[in-house]
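Undergrad: The structure file entry_25.tsv (TSV, C-alpha atoms) is provided below.
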chain	number	residue	atom	x	y	z
R	1284	MET	CA	31.73	-39.24	64.06
R	1285	ALA	CA	28.81	-40.66	65.96
R	1286	VAL	CA	29.56	-44.34	65.59
R	1287	GLY	CA	26.55	-46.30	64.45
R	1288	ASN	CA	25.63	-49.65	65.94
R	1289	VAL	CA	26.84	-51.51	62.85
R	1290	GLU	CA	30.40	-50.43	63.63
R	1291	ARG	CA	30.33	-52.47	66.85
R	1292	CYS	CA	30.57	-55.51	64.64
R	1293	ASP	CA	33.59	-57.78	65.15
R	1294	LYS	CA	34.34	-58.84	61.59
R	1295	THR	CA	36.63	-61.61	62.86
R	1296	LEU	CA	34.09	-63.28	65.18
R	1297	PRO	CA	33.67	-66.94	64.14
R	1298	LEU	CA	29.90	-66.65	64.59
R	1299	ASN	CA	29.82	-63.95	61.91
R	1300	GLU	CA	31.50	-66.37	59.52
R	1301	MET	CA	29.35	-69.32	60.52
R	1302	ILE	CA	25.96	-67.76	59.79
R	1303	PHE	CA	26.87	-67.19	56.16
R	1304	TYR	CA	27.31	-70.94	55.61
R	1305	VAL	CA	24.39	-72.09	57.75
R	1306	ARG	CA	21.91	-69.85	55.91
R	1307	ARG	CA	22.93	-71.27	52.54
R	1308	ASP	CA	22.90	-74.95	53.45
R	1309	PRO	CA	19.70	-76.88	54.32
R	1310	ALA	CA	21.72	-79.64	56.06
R	1311	LEU	CA	23.43	-77.12	58.34
R	1312	ARG	CA	20.09	-75.38	58.98
R	1313	ALA	CA	18.66	-78.70	60.15
R	1314	ARG	CA	21.65	-79.31	62.41
R	1315	TRP	CA	21.19	-75.83	63.87
R	1316	LEU	CA	18.03	-77.15	65.50
R	1317	THR	CA	19.32	-80.57	66.51
R	1318	ASP	CA	23.03	-80.13	67.26
R	1319	LEU	CA	23.80	-76.46	67.77
R	1320	GLU	CA	26.61	-77.19	70.19
R	1321	GLY	CA	28.44	-79.56	67.82
R	1322	LEU	CA	27.97	-77.16	64.93
R	1323	THR	CA	29.37	-74.19	66.83
R	1324	ARG	CA	32.37	-76.25	67.90
R	1325	GLU	CA	33.14	-77.14	64.28
R	1326	PHE	CA	33.07	-73.46	63.32
R	1327	GLY	CA	35.37	-72.55	66.22
R	1328	LEU	CA	32.92	-70.48	68.25
R	1329	SER	CA	33.73	-69.57	71.85
R	1330	ARG	CA	31.62	-70.81	74.72
R	1331	ALA	CA	30.23	-67.29	75.15
R	1332	GLU	CA	29.11	-67.21	71.51
R	1333	TYR	CA	27.45	-70.61	71.86
R	1334	GLU	CA	25.66	-69.65	75.06
R	1335	ALA	CA	24.35	-66.36	73.69
R	1336	LEU	CA	23.04	-68.28	70.69
R	1337	ASN	CA	21.52	-71.04	72.75
R	1338	ASP	CA	19.80	-68.47	74.99
R	1339	LYS	CA	18.57	-66.60	71.88
R	1340	ASP	CA	19.87	-63.50	73.63
R	1341	VAL	CA	19.74	-60.62	71.15
R	1342	ARG	CA	21.43	-58.17	73.45
R	1343	ARG	CA	24.38	-60.42	74.23
R	1344	LEU	CA	24.81	-61.31	70.58
R	1345	ASN	CA	24.95	-57.61	69.76
R	1346	ASP	CA	27.44	-56.98	72.58
R	1347	LEU	CA	29.66	-59.84	71.40
R	1348	GLY	CA	30.01	-58.12	68.03
R	1349	VAL	CA	27.68	-60.20	65.88
R	1350	HIS	CA	26.87	-58.16	62.77
R	1351	GLN	CA	23.48	-56.59	63.48
R	1352	TYR	CA	21.97	-57.83	60.22
R	1353	TYR	CA	22.73	-61.42	61.21
R	1354	ILE	CA	20.93	-61.25	64.57
R	1355	PRO	CA	17.36	-61.38	63.21
R	1356	GLN	CA	18.59	-64.02	60.77
R	1357	ILE	CA	19.79	-66.05	63.74
R	1358	MET	CA	16.36	-65.67	65.33
R	1359	ARG	CA	14.77	-66.81	62.08
R	1360	LEU	CA	16.93	-69.96	62.12
R	1361	PHE	CA	15.25	-70.77	65.44
R	1362	TYR	CA	11.73	-69.55	64.78
R	1363	GLY	CA	11.21	-69.81	61.01
R	1364	ALA	CA	10.98	-67.15	58.35
R	1365	GLY	CA	7.38	-66.81	57.22
R	1366	MET	CA	5.34	-63.59	57.75
R	1367	ASN	CA	8.13	-61.84	59.60
R	1368	THR	CA	5.92	-59.09	60.99
R	1369	ASN	CA	6.75	-56.99	64.01
R	1370	ASN	CA	4.88	-59.54	66.16
R	1371	HIS	CA	6.81	-62.56	64.88
R	1372	PRO	CA	8.59	-64.46	67.72
R	1373	ALA	CA	11.91	-63.65	66.02
R	1374	LEU	CA	11.09	-59.97	66.51
R	1375	GLU	CA	9.65	-60.34	70.00
R	1376	ALA	CA	13.16	-61.25	71.17
R	1377	TYR	CA	14.22	-57.80	69.99
R	1378	LYS	CA	11.60	-56.01	71.99
R	1379	ARG	CA	12.92	-57.71	75.13
R	1380	ALA	CA	16.54	-56.91	74.27
R	1381	PHE	CA	16.05	-53.22	73.50
R	1382	PRO	CA	12.98	-52.11	75.47
R	1383	GLU	CA	13.67	-48.36	75.37
R	1384	GLU	CA	14.33	-48.13	71.65
R	1385	THR	CA	11.35	-50.36	70.97
R	1386	ALA	CA	9.03	-48.33	73.19
R	1387	ARG	CA	9.97	-45.17	71.27
R	1388	ALA	CA	9.31	-46.90	67.97
R	1389	MET	CA	5.98	-48.30	69.15
R	1390	GLN	CA	4.92	-44.82	70.26
R	1391	LEU	CA	5.79	-43.48	66.83
R	1392	GLN	CA	3.87	-46.37	65.29
R	1393	ALA	CA	0.78	-45.38	67.31
R	1394	GLU	CA	1.08	-41.78	66.13
R	1395	LEU	CA	1.45	-42.88	62.53
R	1396	ASP	CA	-1.54	-45.19	62.82
R	1397	ALA	CA	-3.60	-42.30	64.13
R	1398	ARG	CA	-2.44	-40.18	61.20
R	1399	THR	CA	-3.24	-42.74	58.50
R	1400	ARG	CA	-6.67	-43.44	60.01
R	1401	SER	CA	-7.68	-39.78	60.15
Y	1037	MET	CA	27.23	-46.63	21.72
Y	1038	ALA	CA	24.69	-47.50	24.39
Y	1039	GLU	CA	22.30	-44.95	25.81
Y	1040	ILE	CA	20.94	-44.35	29.31
Y	1041	VAL	CA	17.16	-43.96	28.95
Y	1042	ALA	CA	15.77	-43.98	32.50
Y	1043	ALA	CA	16.85	-43.58	36.12
Y	1044	MET	CA	14.76	-44.41	39.16
Y	1045	ALA	CA	15.01	-45.56	42.76
Y	1046	ALA	CA	12.85	-47.44	45.25
Y	1047	THR	CA	12.89	-49.11	48.63
Y	1048	HIS	CA	13.27	-52.91	48.65
Y	1049	SER	CA	12.07	-53.83	52.13
Y	1050	PRO	CA	11.11	-57.52	52.40
Y	1051	GLY	CA	7.82	-56.49	53.99
Y	1052	LEU	CA	6.71	-55.13	50.62
Y	1053	THR	CA	6.17	-58.70	49.51
Y	1054	GLY	CA	6.59	-60.82	52.67
Y	1055	TRP	CA	3.97	-59.14	54.86
Y	1056	PHE	CA	2.63	-56.40	52.62
Y	1057	THR	CA	-0.94	-56.54	53.96
Y	1058	ARG	CA	0.27	-55.78	57.50
Y	1059	GLY	CA	1.01	-52.19	56.46
Y	1060	PRO	CA	-1.75	-49.57	56.71
Y	1061	LYS	CA	-4.20	-49.67	53.78
Y	1062	GLU	CA	-3.20	-46.17	52.80
Y	1063	HIS	CA	0.48	-47.17	52.58
Y	1064	GLN	CA	-0.36	-50.24	50.53
Y	1065	GLU	CA	-2.26	-48.10	48.05
Y	1066	GLN	CA	0.57	-45.58	47.81
Y	1067	VAL	CA	3.11	-48.32	47.16
Y	1068	LEU	CA	1.02	-49.90	44.41
Y	1069	ARG	CA	0.33	-46.52	42.81
Y	1070	ALA	CA	4.00	-45.46	42.87
Y	1071	PHE	CA	5.31	-48.78	41.55
Y	1072	GLY	CA	2.61	-48.65	38.86
Y	1073	GLU	CA	3.86	-45.22	37.84
Y	1074	MET	CA	7.47	-46.44	37.78
Y	1075	ARG	CA	6.44	-49.43	35.68
Y	1076	GLU	CA	4.76	-47.14	33.14
Y	1077	ARG	CA	7.76	-44.83	32.93
Y	1078	LEU	CA	10.07	-47.78	32.55
Y	1079	ALA	CA	7.95	-49.22	29.72
Y	1080	ALA	CA	7.84	-45.81	28.02
Y	1081	ALA	CA	11.64	-45.64	28.06
Y	1082	ARG	CA	11.77	-48.98	26.16
Y	1083	PRO	CA	14.94	-50.29	27.83
Y	1084	ASP	CA	16.79	-53.29	26.37
Y	1085	VAL	CA	18.43	-53.91	29.71
Y	1086	ILE	CA	18.15	-52.81	33.33
Y	1087	VAL	CA	21.28	-52.22	35.37
Y	1088	ALA	CA	20.14	-52.39	38.98
Y	1089	PHE	CA	22.12	-51.34	42.05
Y	1090	SER	CA	21.38	-52.89	45.39
Y	1091	ASN	CA	23.33	-54.05	48.41
Y	1092	ASP	CA	24.39	-57.55	49.31
Y	1093	HIS	CA	22.88	-58.50	52.68
Y	1094	LEU	CA	25.85	-60.72	53.54
Y	1095	LEU	CA	24.35	-63.38	51.28
Y	1096	ASN	CA	26.80	-63.59	48.40
Y	1097	TRP	CA	29.99	-62.86	50.29
Y	1098	PRO	CA	31.10	-64.02	53.74
Y	1099	ILE	CA	32.10	-61.30	56.18
Y	1100	ASN	CA	35.83	-61.98	55.78
Y	1101	ASN	CA	35.69	-60.79	52.18
Y	1102	THR	CA	33.09	-58.22	51.17
Y	1103	PRO	CA	33.89	-56.48	47.88
Y	1104	GLU	CA	32.68	-52.93	47.51
Y	1105	TYR	CA	30.89	-53.78	44.23
Y	1106	THR	CA	29.92	-57.06	42.56
Y	1107	VAL	CA	28.47	-57.57	39.08
Y	1108	GLY	CA	26.25	-60.54	38.19
Y	1109	VAL	CA	27.47	-61.76	34.79
Y	1110	ALA	CA	25.15	-64.75	34.26
Y	1111	ALA	CA	23.08	-65.32	31.12
Y	1112	GLU	CA	20.15	-66.04	33.41
Y	1113	HIS	CA	19.52	-65.17	37.05
Y	1114	VAL	CA	17.36	-67.20	39.41
Y	1115	GLY	CA	15.78	-65.81	42.54
Y	1116	PRO	CA	14.96	-65.54	45.33
Y	1117	ALA	CA	17.70	-67.49	47.12
Y	1118	ASP	CA	16.41	-70.49	49.08
Y	1119	TRP	CA	16.73	-68.85	52.44
Y	1120	TYR	CA	14.74	-65.83	51.20
Y	1121	ASP	CA	11.80	-67.24	49.27
Y	1122	GLU	CA	9.64	-68.04	52.30
Y	1123	TRP	CA	10.50	-64.77	53.99
Y	1124	LEU	CA	9.67	-62.75	50.87
Y	1125	ALA	CA	6.64	-64.93	50.05
Y	1126	LEU	CA	7.80	-65.01	46.44
Y	1127	ALA	CA	7.83	-67.95	44.05
Y	1128	LYS	CA	11.06	-68.74	42.21
Y	1129	TYR	CA	11.58	-66.59	39.12
Y	1130	ARG	CA	14.06	-66.48	36.26
Y	1131	VAL	CA	15.23	-63.31	34.61
Y	1132	PRO	CA	17.61	-63.08	31.65
Y	1133	GLY	CA	21.01	-61.48	32.18
Y	1134	HIS	CA	23.14	-59.50	29.76
Y	1135	PRO	CA	26.58	-61.12	29.98
Y	1136	ALA	CA	28.16	-58.95	27.29
Y	1137	LEU	CA	27.27	-55.71	29.06
Y	1138	ALA	CA	28.09	-57.14	32.50
Y	1139	ARG	CA	31.53	-58.33	31.39
Y	1140	HIS	CA	32.19	-55.04	29.65
Y	1141	LEU	CA	31.44	-53.29	32.95
Y	1142	VAL	CA	33.86	-55.50	34.91
Y	1143	ASN	CA	36.72	-55.29	32.41
Y	1144	GLU	CA	36.33	-51.64	31.53
Y	1145	GLY	CA	36.07	-50.91	35.28
Y	1146	ALA	CA	39.47	-52.52	35.80
Y	1147	ARG	CA	40.97	-50.38	33.04
Y	1148	ARG	CA	39.65	-47.31	34.83
Y	1149	ARG	CA	41.00	-48.48	38.22
Y	1150	LEU	CA	37.58	-49.43	39.52
Y	1151	ALA	CA	37.70	-52.89	41.16
Y	1152	LEU	CA	34.50	-54.80	40.47
Y	1153	ALA	CA	34.09	-58.34	41.71
Y	1154	TYR	CA	31.77	-60.55	39.70
Y	1155	LEU	CA	29.68	-63.66	40.19
Y	1156	ARG	CA	28.50	-66.15	37.62
Y	1157	GLU	CA	25.73	-67.19	40.01
Y	1158	MET	CA	24.60	-64.28	42.10
Y	1159	GLN	CA	22.06	-65.08	44.79
Y	1160	PHE	CA	19.15	-62.69	44.99
Y	1161	ASP	CA	17.69	-61.51	48.28
Y	1162	ASP	CA	15.09	-58.79	48.81
Y	1163	GLY	CA	17.40	-56.23	47.20
Y	1164	PHE	CA	16.71	-57.32	43.63
Y	1165	SER	CA	13.66	-59.54	44.17
Y	1166	VAL	CA	11.27	-56.94	45.58
Y	1167	PRO	CA	11.80	-54.24	42.90
Y	1168	LEU	CA	11.76	-56.81	40.09
Y	1169	HIS	CA	8.49	-58.21	41.39
Y	1170	TYR	CA	6.87	-54.79	41.16
Y	1171	LEU	CA	8.67	-53.19	38.19
Y	1172	THR	CA	9.01	-56.09	35.75
Y	1173	PRO	CA	6.52	-58.73	36.87
Y	1174	ASP	CA	6.91	-60.65	33.59
Y	1175	MET	CA	10.72	-60.76	34.14
Y	1176	ARG	CA	11.41	-60.24	30.44
Y	1177	ILE	CA	13.82	-57.31	30.49
Y	1178	PRO	CA	17.42	-58.52	30.78
Y	1179	LEU	CA	19.10	-57.54	34.03
Y	1180	VAL	CA	22.64	-56.73	35.06
Y	1181	PRO	CA	22.60	-56.76	38.87
Y	1182	VAL	CA	25.29	-54.78	40.67
Y	1183	SER	CA	25.48	-55.32	44.40
Y	1184	MET	CA	27.22	-52.90	46.74
Y	1185	ASN	CA	28.55	-53.19	50.26
Y	1186	CYS	CA	26.52	-50.73	52.33
Y	1187	THR	CA	26.55	-52.57	55.63
Y	1188	VAL	CA	29.91	-54.14	56.52
Y	1189	PRO	CA	32.34	-51.57	57.93
Y	1190	PRO	CA	34.01	-49.67	56.48
Y	1191	ILE	CA	30.89	-48.42	54.74
Y	1192	PRO	CA	31.82	-46.37	51.68
Y	1193	THR	CA	31.00	-42.67	51.65
Y	1194	PRO	CA	28.36	-40.92	49.52
Y	1195	GLU	CA	31.13	-39.12	47.61
Y	1196	ARG	CA	32.63	-42.45	46.69
Y	1197	ALA	CA	29.27	-43.84	45.51
Y	1198	TYR	CA	28.72	-40.78	43.34
Y	1199	GLU	CA	32.20	-41.02	41.89
Y	1200	VAL	CA	31.68	-44.72	41.07
Y	1201	GLY	CA	28.30	-43.82	39.53
Y	1202	THR	CA	30.02	-41.28	37.29
Y	1203	THR	CA	32.59	-43.83	36.17
Y	1204	MET	CA	29.94	-46.48	35.58
Y	1205	ARG	CA	27.89	-44.05	33.52
Y	1206	GLU	CA	30.89	-43.51	31.24
Y	1207	ILE	CA	31.58	-47.25	31.03
Y	1208	LEU	CA	28.00	-48.23	30.25
Y	1209	ARG	CA	27.65	-45.55	27.61
Y	1210	ALA	CA	30.88	-46.72	26.00
Y	1211	PHE	CA	29.43	-50.22	25.48
Y	1212	PRO	CA	29.77	-51.01	21.77
Y	1213	GLY	CA	26.10	-51.76	21.11
Y	1214	PRO	CA	22.81	-49.93	20.59
Y	1215	GLU	CA	21.45	-50.94	24.01
Y	1216	ARG	CA	18.97	-48.69	25.75
Y	1217	ILE	CA	19.84	-48.94	29.45
Y	1218	ALA	CA	17.64	-48.16	32.45
Y	1219	VAL	CA	19.39	-47.71	35.79
Y	1220	VAL	CA	17.50	-48.57	38.96
Y	1221	ALA	CA	18.64	-48.09	42.55
Y	1222	THR	CA	17.12	-50.13	45.36
Y	1223	GLY	CA	17.40	-49.76	49.12
Y	1224	GLY	CA	16.76	-47.32	51.98
Y	1225	LEU	CA	15.28	-45.17	53.22
Y	1226	SER	CA	15.93	-44.88	56.97
Y	1227	HIS	CA	16.07	-48.19	58.82
Y	1228	GLU	CA	18.35	-50.09	61.15
Y	1229	PRO	CA	18.05	-53.77	60.25
Y	1230	GLY	CA	18.86	-55.88	63.28
Y	1231	GLY	CA	20.12	-52.96	65.39
Y	1232	PRO	CA	18.64	-51.64	68.64
Y	1233	ARG	CA	16.36	-49.32	66.63
Y	1234	TYR	CA	15.06	-52.18	64.45
Y	1235	PHE	CA	11.49	-50.88	64.65
Y	1236	TRP	CA	12.37	-47.24	64.12
Y	1237	VAL	CA	11.93	-45.12	61.01
Y	1238	ASP	CA	13.38	-41.60	60.87
Y	1239	GLU	CA	10.71	-39.70	59.01
Y	1240	GLU	CA	12.44	-36.37	59.49
Y	1241	PHE	CA	15.64	-37.62	57.87
Y	1242	ASP	CA	13.76	-39.26	55.01
Y	1243	LEU	CA	11.79	-36.12	54.14
Y	1244	TRP	CA	14.98	-34.06	54.37
Y	1245	PHE	CA	16.81	-36.48	52.06
Y	1246	LEU	CA	13.96	-36.56	49.54
Y	1247	ASP	CA	13.84	-32.79	49.63
Y	1248	LEU	CA	17.54	-32.66	48.72
Y	1249	LEU	CA	16.79	-34.95	45.77
Y	1250	LYS	CA	13.89	-32.72	44.74
Y	1251	LYS	CA	16.13	-29.67	44.82
Y	1252	GLY	CA	18.41	-31.53	42.44
Y	1253	ASP	CA	21.70	-29.92	43.44
Y	1254	HIS	CA	24.06	-32.88	43.63
Y	1255	ALA	CA	26.93	-30.98	45.23
Y	1256	THR	CA	24.71	-29.77	48.07
Y	1257	LEU	CA	23.33	-33.24	48.67
Y	1258	LEU	CA	26.81	-34.74	48.81
Y	1259	ARG	CA	27.96	-32.04	51.18
Y	1260	GLU	CA	25.01	-32.35	53.56
Y	1261	CYS	CA	24.06	-36.00	53.42
Y	1262	THR	CA	27.17	-37.44	55.02
Y	1263	LEU	CA	27.62	-41.06	56.00
Y	1264	GLU	CA	27.44	-39.93	59.64
Y	1265	ARG	CA	24.02	-38.36	59.02
Y	1266	MET	CA	22.78	-41.56	57.41
Y	1267	GLU	CA	24.10	-43.73	60.24
Y	1268	GLU	CA	22.38	-41.46	62.75
Y	1269	ALA	CA	19.07	-42.00	60.94
Y	1270	GLY	CA	19.42	-45.80	61.18
Y	1271	SER	CA	22.69	-47.66	61.37
Y	1272	GLY	CA	23.66	-50.26	58.79
Y	1273	GLY	CA	20.51	-49.74	56.69
Y	1274	THR	CA	20.02	-46.08	55.79
Y	1275	ALA	CA	23.35	-46.20	53.95
Y	1276	GLU	CA	21.61	-48.38	51.34
Y	1277	LEU	CA	20.78	-44.95	49.95
Y	1278	LEU	CA	24.30	-45.05	48.55
Y	1279	ALA	CA	22.68	-46.93	45.65
Y	1280	TRP	CA	20.39	-43.93	45.08
Y	1281	ILE	CA	23.35	-41.57	45.23
Y	1282	LEU	CA	25.22	-43.72	42.71
Y	1283	VAL	CA	22.25	-43.59	40.32
Y	1284	MET	CA	21.93	-39.86	40.90
Y	1285	ALA	CA	25.26	-39.57	39.04
Y	1286	PHE	CA	23.41	-40.74	35.91
Y	1287	THR	CA	20.99	-37.82	36.19
Y	1288	ARG	CA	20.76	-34.08	36.20
Y	1289	GLY	CA	18.52	-31.79	38.21
Y	1290	PRO	CA	15.57	-32.59	40.44
Y	1291	ALA	CA	14.14	-36.01	41.17
Y	1292	GLU	CA	10.40	-36.46	41.21
Y	1293	VAL	CA	9.21	-38.09	44.42
Y	1294	LEU	CA	6.34	-40.47	43.66
Y	1295	ALA	CA	5.67	-41.61	47.22
Y	1296	TYR	CA	6.95	-41.60	50.76
Y	1297	MET	CA	5.71	-43.51	53.80
Y	1298	PRO	CA	7.30	-43.86	57.24
Y	1299	ALA	CA	6.34	-47.54	57.18
Y	1300	ILE	CA	7.18	-49.05	60.54
Y	1301	ALA	CA	5.13	-52.14	59.70
Y	1302	TRP	CA	7.63	-52.89	56.90
Y	1303	ARG	CA	10.49	-51.59	59.05
Y	1304	THR	CA	11.79	-49.01	56.55
Y	1305	GLY	CA	11.16	-45.51	55.42
Y	1306	THR	CA	9.55	-46.42	52.10
Y	1307	GLY	CA	9.83	-44.29	48.99
Y	1308	MET	CA	9.98	-44.19	45.21
Y	1309	VAL	CA	11.54	-41.57	42.94
Y	1310	VAL	CA	12.22	-41.06	39.24
Y	1311	TRP	CA	14.55	-38.63	37.53
Y	1312	ASN	CA	13.22	-36.89	34.47
Y	1313	GLU	CA	16.52	-35.52	33.21
Y	1314	LEU	CA	19.56	-37.62	32.51
Y	1315	ALA	CA	23.20	-36.51	32.56
Y	1316	SER	CA	24.49	-35.68	29.12
Take the structure I supplied and represent it as structure tokens, if you would.

TA:
Amino acid sequence: MAVGNVERCDKTLPLNEMIFYVRRDPALRARWLTDLEGLTREFGLSRAEYEALNDKDVRRLNDLGVHQYYIPQIMRLFYGAGMNTNNHPALEAYKRAFPEETARAMQLQAELDARTRS
Amino acid sequence: MAEIVAAMAATHSPGLTGWFTRGPKEHQEQVLRAFGEMRERLAAARPDVIVAFSNDHLLNWPINNTPEYTVGVAAEHVGPADWYDEWLALAKYRVPGHPALARHLVNEGARRRLALAYLREMQFDDGFSVPLHYLTPDMRIPLVPVSMNCTVPPIPTPERAYEVGTTMREILRAFPGPERIAVVATGGLSHEPGGPRYFWVDEEFDLWFLDLLKKGDHATLLRECTLERMEEAGSGGTAELLAWILVMAFTRGPAEVLAYMPAIAWRTGTGMVVWNELAS
């Protein structure tokens, strides 16, 4: 079958386990912003996982096998959650990571806008 | 014996509450009209309880242990989960549960070789929060939430979802009580949450899928709408339609499509359907 992106996920990656707990716990969410390195060490992340996180690098996170659903959640941990529109900084990181896919989508968006206006 | 009195399905994208006004005016109007229609049909069916099927967005279960199905058995549910309230722009709400029906589902499932995990405190993300907000704004109808794994590989197949739907239909109807039960599916349509095509919506797939529902031939839909086809239309998100396929097993014949929008602003193909005939 044509393997979808979600199947690139490494279910055993410590980062994939860590996000579950950080999202649920306000104390861990606060530490995310003040002591990311210490936090990632406690959860057993590799240096590569820490660096991709610290660089907020969507593409590298995806390549490392982070579950795709968790990547925007990771961006939200950095940038906040409110009004998560397509122009939110958490989403802007996506546009940089996947320029071709995003350009196609934005073109479709323009066509749809034209259609709903007419 | 309990009775199934309504079956419907809708998208649950967080944008429908979190940044609703960023969608085109025309889409906003369609959404409000379609949810209004669903609300009226639901009220007309006079359900005592709603059994809703959605997917867990890796909120209730960590990735090392993701059950295929999970039933919320609490006497009262509270949502949205802390991490989700700001994102969804929703105030905290409380909705009664139906522990007797929920526990019947879990135990009777086991007797029929269907493994159902359960949670006494299920956390609610957009999956249940968005449809509840629109369909039962007063939060008075008791709810049995059933979450599904549609996103952590291996993703179950449509055939499997339909088979589980058939078993659940038998189990719910065998509940020793006079309950009138509405079944509601939430999720889909095409989208790829967090993947490279995060901003993409596959309108062609969505219209094709809705057309299969309108034709109402379940065997054809299951044959044509494979997991591969869903993944192609948006990986890790389109397969939320497994909830729709599960609910389809409670019905017979064509679905009525109330609305469809390729809503890139909300990052999902957005649609609402109701079934007018229920399986006997």

Undergrad: When distances are computed from only C-alpha atoms, which of R:Tyr1362, R:Tyr1333, R:Tyr1377, R:Trp1315 shows the smallest separation from chain Y?

TA: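 Between R:Tyr1362, R:Tyr1333, R:Tyr1377, R:Trp1315, the residue approaching chain Y most closely is R:Tyr1377.
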
Undergrad: Please report as a Markdown table every residue of range 1175-1238 of chain Y lying within 7 Å of range 1137-1149 of chain Y, along with the nearest atom pair and their distance in Å (one decimal), using all atoms listed in the file.

TA:
| residue | atom | partner | partner_atom | distance |
| --- | --- | --- | --- | --- |
| Y:Val1180 | CA | Y:Ala1138 | CA | 6.0 |
| Y:Ile1207 | CA | Y:Leu1141 | CA | 6.3 |
| Y:Leu1208 | CA | Y:Leu1141 | CA | 6.7 |
| Y:Phe1211 | CA | Y:Leu1137 | CA | 6.9 |

Undergrad: At a cut-off of 8 Å, using all atoms listed in the file, what residues contact Gly1327 in chain R? Leave out same-chain residues fewer than 3 positions from it and give the result as a list in words.

TA: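 Within the cut-off, the hits are Pro1297, Thr1323 and Arg1324 of chain R.
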
Undergrad: Mind writing the picked residues with C-alpha atoms as an mmCIF file, in the frame of the given file?

TA:
data_model
loop_
_atom_site.group_PDB
_atom_site.id
_atom_site.type_symbol
_atom_site.label_atom_id
_atom_site.label_comp_id
_atom_site.auth_asym_id
_atom_site.auth_seq_id
_atom_site.Cartn_x
_atom_site.Cartn_y
_atom_site.Cartn_z
ATOM 1 C CA PRO R 1297 33.670 -66.940 64.140
ATOM 2 C CA THR R 1323 29.370 -74.190 66.830
ATOM 3 C CA ARG R 1324 32.370 -76.250 67.900
#

Undergrad: From the set Y:Pro1178, Y:Pro1189, Y:Gly1072, Y:Gly1223, which residue has the shortest atom-to-atom contact distance to Asp1293 in chain R, counting all atoms listed in the file?

TA: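 Distance minimum relative to Asp1293 in chain R lands on Y:Pro1189.
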
Undergrad: Using CA of His1254 in chain Y and CA of Met1204 in chain Y as the two end points, give the distance in Å to one decimal.

TA: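 About the pair CA of His1254 in chain Y and CA of Met1204 in chain Y: they are 16.9 Å apart.
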
Undergrad: Could you write out as number ranges by chain the residues of chain Y within 7 Å of chain R, counting all atoms listed in the file?

TA: Y: 1054-1055, 1062, 1095, 1098-1100, 1119, 1122-1123, 1189, 1229-1233, 1235-1236, 1264, 1267-1268, 1271-1272, 1300-1301

Undergrad: I'd like to know which of Y:Ala1210, Y:Leu1152, Y:Met1266, Y:Ala1046 is closest to Val1182 in chain Y, using all atoms listed in the file.

TA: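 The shortest atom-to-atom distance to Val1182 in chain Y comes from Y:Leu1152.
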
Undergrad: How many Å separate CA of Ser1183 in chain Y from CA of His1063 in chain Y?

TA: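 Value for the CA of Ser1183 in chain Y-CA of His1063 in chain Y distance: 27.5 Å.
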
Undergrad: For a cut-off of 12 Å around (24.4, -64.7, 74.0), file coordinates, pick out all residues using only C-alpha atoms and list them as a VMD selection string.

TA: chain R and resid 1298 1328 to 1349 1354 1357 to 1358 1380

Undergrad: Would you mind listing what lies within 7 Å of range 1158-1167 of chain Y as a VMD selection string, with only C-alpha atoms counted and same-chain residues fewer than 6 positions away left out?

TA: chain Y and resid 1048 to 1050 1053 1090 to 1091 1096 1108 1115 to 1117 1120 1222 to 1223

Undergrad: Write a file of the selected residues as a tab-separated table (two decimals), keeping the file's coordinate frame, keeping C-alpha atoms.

TA:
chain	number	residue	atom	x	y	z
Y	1048	HIS	CA	13.27	-52.91	48.65
Y	1049	SER	CA	12.07	-53.83	52.13
Y	1050	PRO	CA	11.11	-57.52	52.40
Y	1053	THR	CA	6.17	-58.70	49.51
Y	1090	SER	CA	21.38	-52.89	45.39
Y	1091	ASN	CA	23.33	-54.05	48.41
Y	1096	ASN	CA	26.80	-63.59	48.40
Y	1108	GLY	CA	26.25	-60.54	38.19
Y	1115	GLY	CA	15.78	-65.81	42.54
Y	1116	PRO	CA	14.96	-65.54	45.33
Y	1117	ALA	CA	17.70	-67.49	47.12
Y	1120	TYR	CA	14.74	-65.83	51.20
Y	1222	THR	CA	17.12	-50.13	45.36
Y	1223	GLY	CA	17.40	-49.76	49.12

Undergrad: Taking (19.2, -51.5, 32.1) in the coordinates of the supplied file, I want to know which residues reach to within 8 Å of it, counting all atoms listed in the file; could you give the answer as a PyMOL selection string?

TA: chain Y and resi 1040+1083-1088+1178-1180+1216-1220

Undergrad: Print the selection's residues with C-alpha atoms to a file, as a PDB file, keeping the file's coordinate frame.

TA:
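part29.pdb was written with the following content:
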ATOM      1  CA  ILE Y1040      20.940 -44.350  29.310  1.00  0.00           C
ATOM      2  CA  PRO Y1083      14.940 -50.290  27.830  1.00  0.00           C
ATOM      3  CA  ASP Y1084      16.790 -53.290  26.370  1.00  0.00           C
ATOM      4  CA  VAL Y1085      18.430 -53.910  29.710  1.00  0.00           C
ATOM      5  CA  ILE Y1086      18.150 -52.810  33.330  1.00  0.00           C
ATOM      6  CA  VAL Y1087      21.280 -52.220  35.370  1.00  0.00           C
ATOM      7  CA  ALA Y1088      20.140 -52.390  38.980  1.00  0.00           C
ATOM      8  CA  PRO Y1178      17.420 -58.520  30.780  1.00  0.00           C
ATOM      9  CA  LEU Y1179      19.100 -57.540  34.030  1.00  0.00           C
ATOM     10  CA  VAL Y1180      22.640 -56.730  35.060  1.00  0.00           C
ATOM     11  CA  ARG Y1216      18.970 -48.690  25.750  1.00  0.00           C
ATOM     12  CA  ILE Y1217      19.840 -48.940  29.450  1.00  0.00           C
ATOM     13  CA  ALA Y1218      17.640 -48.160  32.450  1.00  0.00           C
ATOM     14  CA  VAL Y1219      19.390 -47.710  35.790  1.00  0.00           C
ATOM     15  CA  VAL Y1220      17.500 -48.570  38.960  1.00  0.00           C
TER      16      VAL Y1220
END
